[in-house]
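Student: Pasting coords17.cif here (mmCIF, C-alpha atoms):
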data_structure
#
loop_
_atom_site.label_atom_id
_atom_site.label_comp_id
_atom_site.auth_asym_id
_atom_site.auth_seq_id
_atom_site.Cartn_x
_atom_site.Cartn_y
_atom_site.Cartn_z
CA MET A 1 0.00 0.00 0.00
CA ASN A 2 1.17 3.52 -0.76
CA TYR A 3 0.73 5.58 2.37
CA TYR A 4 1.58 8.96 0.83
CA ASN A 5 -1.72 10.67 1.63
CA GLN A 6 -1.86 9.29 5.16
CA ILE A 7 1.75 10.21 5.88
CA LYS A 8 1.04 13.72 4.65
CA ASP A 9 -2.10 13.84 6.82
CA ILE A 10 -0.09 13.04 9.95
CA LEU A 11 3.03 15.11 9.24
CA TYR A 12 1.06 18.26 8.46
CA GLY A 13 -1.40 17.46 11.22
CA VAL A 14 1.41 17.40 13.78
CA ALA A 15 3.34 20.38 12.40
CA ILE A 16 0.38 22.75 12.08
CA GLY A 17 -0.92 21.88 15.54
CA ASP A 18 2.58 22.51 16.87
CA ALA A 19 2.88 25.85 15.07
CA LEU A 20 -0.56 27.02 16.22
CA GLY A 21 0.37 26.44 19.85
CA LEU A 22 4.01 27.51 19.85
CA HIS A 23 3.63 31.23 20.47
CA VAL A 24 1.41 30.76 23.54
CA GLN A 25 3.27 27.85 25.10
CA PHE A 26 3.20 27.93 28.92
CA ALA A 27 0.36 30.48 28.99
CA SER A 28 -2.36 29.60 31.46
CA ARG A 29 -5.86 28.66 30.37
CA GLU A 30 -7.21 31.75 32.07
CA ILE A 31 -4.85 34.06 30.17
CA ILE A 32 -5.61 32.43 26.82
CA LYS A 33 -9.35 32.70 27.43
CA GLU A 34 -8.95 36.51 27.41
CA THR A 35 -7.69 36.38 23.81
CA PRO A 36 -8.28 32.86 22.43
CA VAL A 37 -6.10 31.58 19.62
CA GLU A 38 -8.13 31.47 16.41
CA ASP A 39 -5.47 31.46 13.71
CA MET A 40 -1.78 31.03 12.99
CA GLU A 41 0.20 33.60 14.98
CA GLY A 42 3.83 34.10 15.93
CA TYR A 43 6.45 36.07 17.85
CA GLY A 44 5.38 34.80 21.24
CA VAL A 45 7.43 32.98 23.84
CA PHE A 46 10.17 31.92 21.39
CA SER A 47 9.94 34.97 19.08
CA LYS A 48 9.45 32.78 16.02
CA PRO A 49 7.44 33.83 12.93
CA PRO A 50 4.01 32.35 12.21
CA GLY A 51 4.26 28.83 10.78
CA TYR A 52 7.40 27.86 12.66
CA PHE A 53 7.21 24.52 14.44
CA SER A 54 9.19 23.28 17.46
CA ASP A 55 10.86 20.10 18.71
CA ASP A 56 7.59 18.17 18.45
CA SER A 57 7.60 18.35 14.66
CA SER A 58 11.38 18.39 14.17
CA LEU A 59 11.76 15.06 15.98
CA THR A 60 8.70 13.67 14.18
CA PHE A 61 10.37 14.50 10.86
CA ALA A 62 13.73 13.16 12.07
CA LEU A 63 12.06 9.85 12.98
CA SER A 64 10.35 9.71 9.57
CA GLU A 65 13.69 10.24 7.82
CA ALA A 66 15.25 7.40 9.76
CA LEU A 67 12.41 4.99 8.99
CA ILE A 68 12.77 5.50 5.24
CA ASP A 69 15.77 3.15 5.25
CA GLY A 70 14.11 0.62 7.52
CA TYR A 71 13.86 0.20 11.27
CA ASP A 72 17.20 0.92 12.93
CA LEU A 73 17.29 2.38 16.46
CA ASP A 74 20.84 3.64 16.03
CA ILE A 75 19.89 5.69 12.98
CA ILE A 76 16.84 7.09 14.77
CA ALA A 77 18.97 8.03 17.77
CA GLN A 78 21.64 9.67 15.61
CA ASN A 79 18.98 11.74 13.85
CA PHE A 80 17.93 13.01 17.27
CA VAL A 81 21.55 13.92 17.98
CA LYS A 82 21.70 15.78 14.66
CA TRP A 83 18.58 17.71 15.66
CA LEU A 84 20.11 18.78 18.96
CA ASP A 85 23.60 19.56 17.65
CA GLU A 86 22.95 20.74 14.10
CA GLY A 87 19.33 21.92 14.05
CA TYR A 88 18.36 19.00 11.81
CA TRP A 89 14.77 19.35 10.56
CA THR A 90 14.23 22.64 12.39
CA PRO A 91 12.65 25.61 10.59
CA ASP A 92 15.75 27.78 10.85
CA GLY A 93 18.70 25.61 11.88
CA GLU A 94 18.17 26.15 15.61
CA ALA A 95 16.99 23.47 18.04
CA TYR A 96 14.85 25.06 20.71
CA ASP A 97 12.11 24.20 23.21
CA ILE A 98 14.16 21.23 24.39
CA GLY A 99 12.75 19.16 27.25
CA THR A 100 15.11 18.20 30.06
CA THR A 101 14.47 14.46 29.75
CA THR A 102 15.00 14.58 26.00
CA PHE A 103 18.18 16.62 26.37
CA ASN A 104 19.63 14.30 29.02
CA SER A 105 18.79 11.20 26.99
CA ILE A 106 20.33 12.52 23.78
CA THR A 107 23.40 13.49 25.78
CA ASN A 108 23.57 9.86 26.94
CA ILE A 109 23.55 8.75 23.29
CA LYS A 110 26.38 11.15 22.49
CA GLU A 111 28.34 9.62 25.35
CA GLY A 112 28.00 6.16 23.85
CA ILE A 113 25.04 4.70 25.72
CA LYS A 114 22.89 2.42 23.57
CA PRO A 115 19.50 3.80 22.45
CA THR A 116 17.69 1.01 24.31
CA LEU A 117 19.20 2.33 27.55
CA SER A 118 19.61 6.04 26.87
CA GLY A 119 16.15 7.15 28.01
CA GLU A 120 15.43 8.16 31.57
CA THR A 121 13.33 5.86 33.79
CA HIS A 122 12.53 8.05 36.79
CA GLU A 123 8.84 8.68 37.46
CA ARG A 124 9.49 12.42 37.06
CA SER A 125 10.73 11.68 33.54
CA ASN A 126 7.20 11.07 32.25
CA GLY A 127 6.94 14.19 30.15
CA ASN A 128 5.36 14.01 26.70
CA GLY A 129 8.64 14.05 24.77
CA SER A 130 8.34 10.59 23.20
CA LEU A 131 4.58 10.75 22.64
CA MET A 132 4.91 14.00 20.67
CA ARG A 133 7.22 12.49 18.05
CA ILE A 134 6.20 8.86 17.70
CA SER A 135 3.33 9.04 15.18
CA PRO A 136 5.36 8.13 12.02
CA LEU A 137 6.19 4.76 13.55
CA ILE A 138 2.63 3.62 12.82
CA PHE A 139 3.48 3.12 9.15
CA THR A 140 6.36 0.78 10.01
CA ILE A 141 4.44 -1.31 12.55
CA MET A 142 0.96 -1.20 11.00
CA ASP A 143 0.80 -4.83 9.84
CA LYS A 144 2.88 -6.43 12.58
CA PRO A 145 1.49 -8.56 15.43
CA ILE A 146 0.55 -6.63 18.55
CA GLU A 147 3.46 -8.04 20.56
CA VAL A 148 5.90 -6.79 17.92
CA ARG A 149 4.16 -3.43 17.73
CA PHE A 150 4.47 -2.96 21.47
CA GLN A 151 8.13 -3.96 21.51
CA MET A 152 9.03 -1.52 18.71
CA ILE A 153 7.05 1.29 20.36
CA LYS A 154 8.84 0.54 23.62
CA GLU A 155 12.22 0.77 21.90
CA VAL A 156 11.50 4.04 20.08
CA SER A 157 10.01 5.70 23.16
CA SER A 158 12.89 4.45 25.31
CA ILE A 159 15.46 6.41 23.34
CA THR A 160 14.36 9.35 25.47
CA HIS A 161 11.52 8.14 27.73
CA ARG A 162 12.00 4.64 29.15
CA HIS A 163 9.43 4.69 31.95
CA THR A 164 6.56 2.20 31.48
CA ARG A 165 3.97 4.99 31.73
CA SER A 166 5.42 6.87 28.76
CA ILE A 167 5.65 3.65 26.76
CA ILE A 168 2.00 2.79 27.43
CA ALA A 169 0.92 6.29 26.38
CA CYS A 170 2.77 5.88 23.08
CA PHE A 171 1.27 2.41 22.63
CA TYR A 172 -2.28 3.66 23.23
CA TYR A 173 -1.75 6.58 20.82
CA LEU A 174 -0.38 4.43 18.02
CA GLU A 175 -3.11 1.83 18.47
CA PHE A 176 -5.66 4.64 18.02
CA LEU A 177 -3.82 5.78 14.90
CA ARG A 178 -3.69 2.21 13.65
CA TYR A 179 -7.47 1.90 13.73
CA LEU A 180 -7.86 5.29 12.05
CA LEU A 181 -5.50 4.08 9.35
CA ASP A 182 -7.30 0.76 8.81
CA ASN A 183 -9.74 1.49 6.00
CA ASP A 184 -11.02 -2.09 5.99
CA LEU A 185 -12.59 -1.70 9.43
CA ASP A 186 -13.82 1.86 8.85
CA LEU A 187 -14.50 2.44 12.54
CA GLU A 188 -15.92 5.70 13.87
CA LYS A 189 -13.71 7.47 16.43
CA HIS A 190 -15.94 6.61 19.41
CA GLU A 191 -16.00 2.98 18.30
CA ILE A 192 -12.20 2.97 18.30
CA TYR A 193 -12.16 4.56 21.74
CA HIS A 194 -14.39 1.86 23.21
CA LYS A 195 -12.60 -0.92 21.34
CA LEU A 196 -9.29 0.16 22.87
CA GLN A 197 -10.87 0.17 26.33
CA LYS A 198 -11.10 -3.62 25.97
CA GLU A 199 -8.02 -4.38 23.92
CA VAL A 200 -5.31 -2.25 25.53
CA PRO A 201 -5.66 -3.41 29.16
CA LYS A 202 -6.16 -7.03 28.05
CA PHE A 203 -2.95 -6.98 26.05
CA LEU A 204 -0.92 -5.13 28.67
CA ASN A 205 -2.00 -7.40 31.51
CA ASN A 206 -1.11 -10.49 29.48
CA TYR A 207 2.14 -8.99 28.24
CA PHE A 208 3.45 -8.00 31.66
CA LYS A 209 2.43 -11.34 33.19
CA GLU A 210 4.13 -13.27 30.39
CA GLU A 211 7.26 -11.19 30.83
CA TYR A 212 7.18 -12.01 34.52
CA ASP A 213 6.71 -15.73 33.84
CA LYS A 214 9.82 -15.71 31.67
CA LYS A 215 11.81 -14.20 34.54
CA GLU A 216 10.04 -15.64 37.57
CA ASN A 217 13.19 -17.28 38.84
CA GLU A 218 14.93 -13.93 38.97
CA GLY A 219 12.77 -12.42 41.73
CA ASN A 220 10.92 -9.83 39.64
CA GLU A 221 7.63 -9.76 41.55
CA LYS A 222 8.08 -6.05 42.18
CA ASP A 223 8.61 -5.42 38.48
CA LEU A 224 5.34 -7.15 37.66
CA GLU A 225 3.46 -5.23 40.34
CA PHE A 226 5.00 -1.97 39.14
CA ASN A 227 4.13 -2.53 35.49
CA LEU A 228 0.58 -3.65 36.19
CA ASN A 229 0.11 -0.61 38.41
CA GLN A 230 1.07 1.68 35.51
CA ILE A 231 -2.07 0.65 33.62
CA SER A 232 -4.21 2.28 36.32
CA TYR A 233 -2.83 5.71 35.40
CA PHE A 234 -4.86 5.40 32.19
CA ASP A 235 -8.18 4.66 33.91
CA ARG A 236 -9.87 7.82 32.64
CA LEU A 237 -9.21 6.63 29.09
CA LEU A 238 -9.70 2.92 29.66
CA LYS A 239 -12.61 2.84 32.11
CA GLU A 240 -14.50 6.12 31.69
CA ASN A 241 -15.99 8.21 28.89
CA ILE A 242 -13.42 10.97 28.83
CA HIS A 243 -15.41 12.95 26.26
CA GLU A 244 -18.12 13.45 28.87
CA LEU A 245 -15.76 15.40 31.14
CA GLY A 246 -15.85 19.19 31.20
CA GLU A 247 -12.93 21.32 30.17
CA ASP A 248 -12.11 22.10 33.79
CA GLU A 249 -11.49 18.38 34.35
CA ILE A 250 -8.93 18.15 31.52
CA ASN A 251 -5.30 18.95 32.31
CA SER A 252 -2.95 20.19 29.61
CA GLY A 253 0.53 20.35 31.08
CA GLY A 254 3.65 18.54 29.94
CA TYR A 255 2.89 15.31 31.83
CA VAL A 256 2.38 12.46 29.37
CA ILE A 257 -0.95 11.43 30.94
CA ASP A 258 -2.25 14.99 30.63
CA THR A 259 -1.27 15.11 26.97
CA ILE A 260 -2.76 11.81 25.88
CA GLU A 261 -5.98 12.50 27.79
CA ALA A 262 -6.33 16.05 26.45
CA SER A 263 -5.64 14.93 22.89
CA ILE A 264 -8.23 12.16 22.94
CA TRP A 265 -10.70 14.56 24.59
CA CYS A 266 -10.15 17.14 21.84
CA LEU A 267 -10.54 14.43 19.19
CA LEU A 268 -13.79 13.08 20.63
CA THR A 269 -15.44 16.43 21.34
CA THR A 270 -14.92 18.11 17.95
CA ASP A 271 -15.85 17.43 14.34
CA ASN A 272 -13.00 18.75 12.18
CA TYR A 273 -9.26 19.42 12.15
CA SER A 274 -9.23 23.13 12.95
CA GLU A 275 -11.78 22.88 15.75
CA ALA A 276 -9.80 20.08 17.41
CA VAL A 277 -6.33 21.66 17.28
CA LEU A 278 -7.59 25.10 18.31
CA LYS A 279 -9.41 23.50 21.22
CA ALA A 280 -6.13 21.85 22.21
CA VAL A 281 -4.19 25.12 22.00
CA ASN A 282 -6.78 27.03 24.00
CA LEU A 283 -6.49 24.59 26.88
CA GLY A 284 -3.26 26.43 27.72
CA GLY A 285 -0.15 24.94 29.29
CA ASP A 286 1.92 22.82 26.92
CA THR A 287 -0.05 24.18 24.00
CA ASP A 288 2.20 23.18 21.12
CA THR A 289 2.56 19.55 22.17
CA THR A 290 -1.10 19.05 23.07
CA ALA A 291 -2.04 20.45 19.66
CA ALA A 292 0.67 18.46 17.86
CA VAL A 293 -0.45 15.15 19.37
CA THR A 294 -4.08 16.05 18.70
CA GLY A 295 -3.08 17.13 15.21
CA GLY A 296 -1.63 13.74 14.36
CA LEU A 297 -4.93 12.08 15.23
CA VAL A 298 -7.30 14.53 13.53
CA GLY A 299 -4.98 15.03 10.58
CA LEU A 300 -5.31 11.34 9.83
CA LEU A 301 -9.02 11.19 10.68
CA TYR A 302 -10.17 14.14 8.57
CA GLY A 303 -7.38 14.26 6.00
CA PHE A 304 -5.05 16.90 4.61
CA ASP A 305 -7.82 18.59 2.63
CA ASN A 306 -9.67 19.36 5.87
CA ILE A 307 -6.74 21.45 7.13
CA PRO A 308 -7.29 25.15 6.31
CA LYS A 309 -5.26 25.97 3.22
CA ARG A 310 -3.92 29.21 4.72
CA TRP A 311 -2.28 27.21 7.53
CA VAL A 312 -0.68 24.80 5.10
CA GLU A 313 0.69 27.72 3.09
CA GLU A 314 2.17 29.32 6.22
CA ILE A 315 3.90 26.29 7.66
CA ALA A 316 7.69 26.41 7.46
CA ARG A 317 9.47 24.02 5.07
CA SER A 318 6.27 22.82 3.42
CA ARG A 319 8.10 21.70 0.27
CA ASP A 320 10.51 19.67 2.40
CA ILE A 321 7.58 18.12 4.27
CA ASP A 322 5.94 17.16 0.96
CA ASP A 323 9.20 15.61 -0.21
CA LEU A 324 9.64 13.73 3.07
CA ALA A 325 6.12 12.32 2.80
CA SER A 326 6.81 11.19 -0.76
CA ARG A 327 10.12 9.53 0.08
CA PHE A 328 8.69 7.87 3.18
CA ALA A 329 5.74 6.51 1.19
CA ASP A 330 8.05 5.21 -1.54
CA SER A 331 9.96 3.18 1.05
CA PHE A 332 7.07 0.76 1.55
#
Let me see whether you can do it: turn the structure in this file into structure tokens.
Tutor:
Amino acid sequence: MNYYNQIKDILYGVAIGDALGLHVQFASREIIKETPVEDMEGYGVFSKPPGYFSDDSSLTFALSEALIDGYDLDIIAQNFVKWLDEGYWTPDGEAYDIGTTTFNSITNIKEGIKPTLSGETHERSNGNGSLMRISPLIFTIMDKPIEVRFQMIKEVSSITHRHTRSIIACFYYLEFLRYLLDNDLDLEKHEIYHKLQKEVPKFLNNYFKEEYDKKENEGNEKDLEFNLNQISYFDRLLKENIHELGEDEINSGGYVIDTIEASIWCLLTTDNYSEAVLKAVNLGGDTDTTAAVTGGLVGLLYGFDNIPKRWVEEIARSRDIDDLASRFADSF
């Protein structure tokens, strides 16, 4: 299958969401409510022109580039190093808006630590830095068994974010994208949401228990208990109807749980691309990442043609993004 249109949907979906939220990043919800974001703006917190994207998109593009030549963690990791050191896939040659966990993990790579071990594992390292960039992986793992999908997601997240909670968030996100991408099933977004409420916890419980059984002679009871406990952090997605919550019950900071919840909430409570990403931005907080993660979902759901043309025309490096989508699609 040629994924060109779908790749373009996701890449632009992420980048435009990112660019819409960049100039108001860190602003509180209350402040944004005074002058809500309604269009592409610029020259805010990072003093960048309208249409400039941040690390969310740059690392998404860097991952896409790596995947063109097949799945190789070392190449992915080195592309992240190039982003940090050389401004690879940035709008203007400057890497900015760099999260602490991401910076520390890429520094580990530069110091020779393997990508499978470079990511931080502390509970406080559960920012949204792997979730924001992982969407292109869906095209590489789409047709693989679920156990293989999870393992590859775990590896790519772990380059920077190796905590189980971050890995599960990435897994949930890519499973949602997978169903959006599967034209044969043609499931409505709420059907996908409820389908994942059954499938995700079932798989994770079985996976962690099987991993424990393989290592039961090594005294890993605490590891099993820890991993199973991580599933409970996703209860609002997996056991409730998150779309029924009010805006005041949705958090939008840099914590990975906040981001995945807010993104799914924006997806389920809107009906088109622009409404969803603007809703994400106007939640305040980590505006660019919430909108970028939301943008990947609604970009794929509604398609490139649903994105306002004026935003597409304003986005930085649009010709390069088109070329990347074409080359990535040709690699399958």
Student: For each of A:Ser326, A:Thr60, A:Ser118, A:Ser166, take the minimum atom-to-atom distance to Leu11 (chain A), counting only C-alpha atoms, then give the residue where this is smallest.
Tutor: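 Using only C-alpha atoms, the shortest distance to Leu11 (chain A) belongs to A:Thr60.
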Student: Counting all atoms listed in the file, which residues in region 256-303 of chain A sit no more than 12 Å from region 237-241 of chain A? For each one, give the nearest pair of atoms and the distance in Å, sorted by chain then residue number, as CSV.
Tutor:
residue,atom,partner,partner_atom,distance
A:Ile257,CA,A:Leu237,CA,9.7
A:Asp258,CA,A:Leu237,CA,11.0
A:Thr259,CA,A:Leu237,CA,11.8
A:Ile260,CA,A:Leu237,CA,8.9
A:Glu261,CA,A:Leu237,CA,6.8
A:Ala262,CA,A:Leu237,CA,10.2
A:Ser263,CA,A:Leu237,CA,11.0
A:Ile264,CA,A:Leu237,CA,8.3
A:Trp265,CA,A:Leu237,CA,9.2
A:Leu268,CA,A:Asn241,CA,9.8
A:Thr269,CA,A:Asn241,CA,11.2
Student: Need the neighbours of (6.1, 2.1, 15.3): which residues are at most 8 Å away, counting only C-alpha atoms, as a ChimeraX atom specification?
Tutor: /A:134-142,149,152-153,156,174
Student: For the residues in that selection, give me C-alpha atoms as a CSV table (one decimal), keeping the file's coordinate frame.
Tutor:
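Dumped everything to out_13.csv:
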chain,number,residue,atom,x,y,z
A,134,ILE,CA,6.2,8.9,17.7
A,135,SER,CA,3.3,9.0,15.2
A,136,PRO,CA,5.4,8.1,12.0
A,137,LEU,CA,6.2,4.8,13.6
A,138,ILE,CA,2.6,3.6,12.8
A,139,PHE,CA,3.5,3.1,9.2
A,140,THR,CA,6.4,0.8,10.0
A,141,ILE,CA,4.4,-1.3,12.6
A,142,MET,CA,1.0,-1.2,11.0
A,149,ARG,CA,4.2,-3.4,17.7
A,152,MET,CA,9.0,-1.5,18.7
A,153,ILE,CA,7.0,1.3,20.4
A,156,VAL,CA,11.5,4.0,20.1
A,174,LEU,CA,-0.4,4.4,18.0
Student: Between A:Arg178, A:Lys214, A:His190, A:His23, which residue has the minimum interatomic distance to Thr287 (chain A), considering only C-alpha atoms?
Tutor: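 Among A:Arg178, A:Lys214, A:His190, A:His23, it is A:His23 that comes nearest to Thr287 (chain A).
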Student: Can you work out which one of A:Gln197, A:Asn126, A:Val281, A:Ser28 has the shortest atom-to-atom distance to Val293 (chain A), counting all atoms listed in the file?
Tutor: A:Val281
Student: I'd like the neighbourhood of Ala66 (chain A) as a PyMOL selection string, where a residue qualifies if any of its atoms comes within 8 Å (using only C-alpha atoms), though same-chain residues fewer than 5 positions away should be ignored.
Tutor: chain A and resi 71-72+75-76+79
Student: Take every atom of region 7-23 of chain A listed in the file, fit an axis-aligned box around them, add 8 Å per side, and give the centre and edge lengths in Å to one decimal as JSON.
Tutor:
{"center_x": 1.0, "center_y": 20.7, "center_z": 12.6, "size_x": 22.1, "size_y": 37.0, "size_z": 31.8}
Student: Hey, which of A:Leu84, A:Ile113, A:Ile168, A:Leu181 ends up closest to Ile231 (chain A)? Count all atoms listed in the file.
Tutor: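 Of A:Leu84, A:Ile113, A:Ile168, A:Leu181, the one nearest Ile231 (chain A) is A:Ile168, counting all atoms listed in the file.
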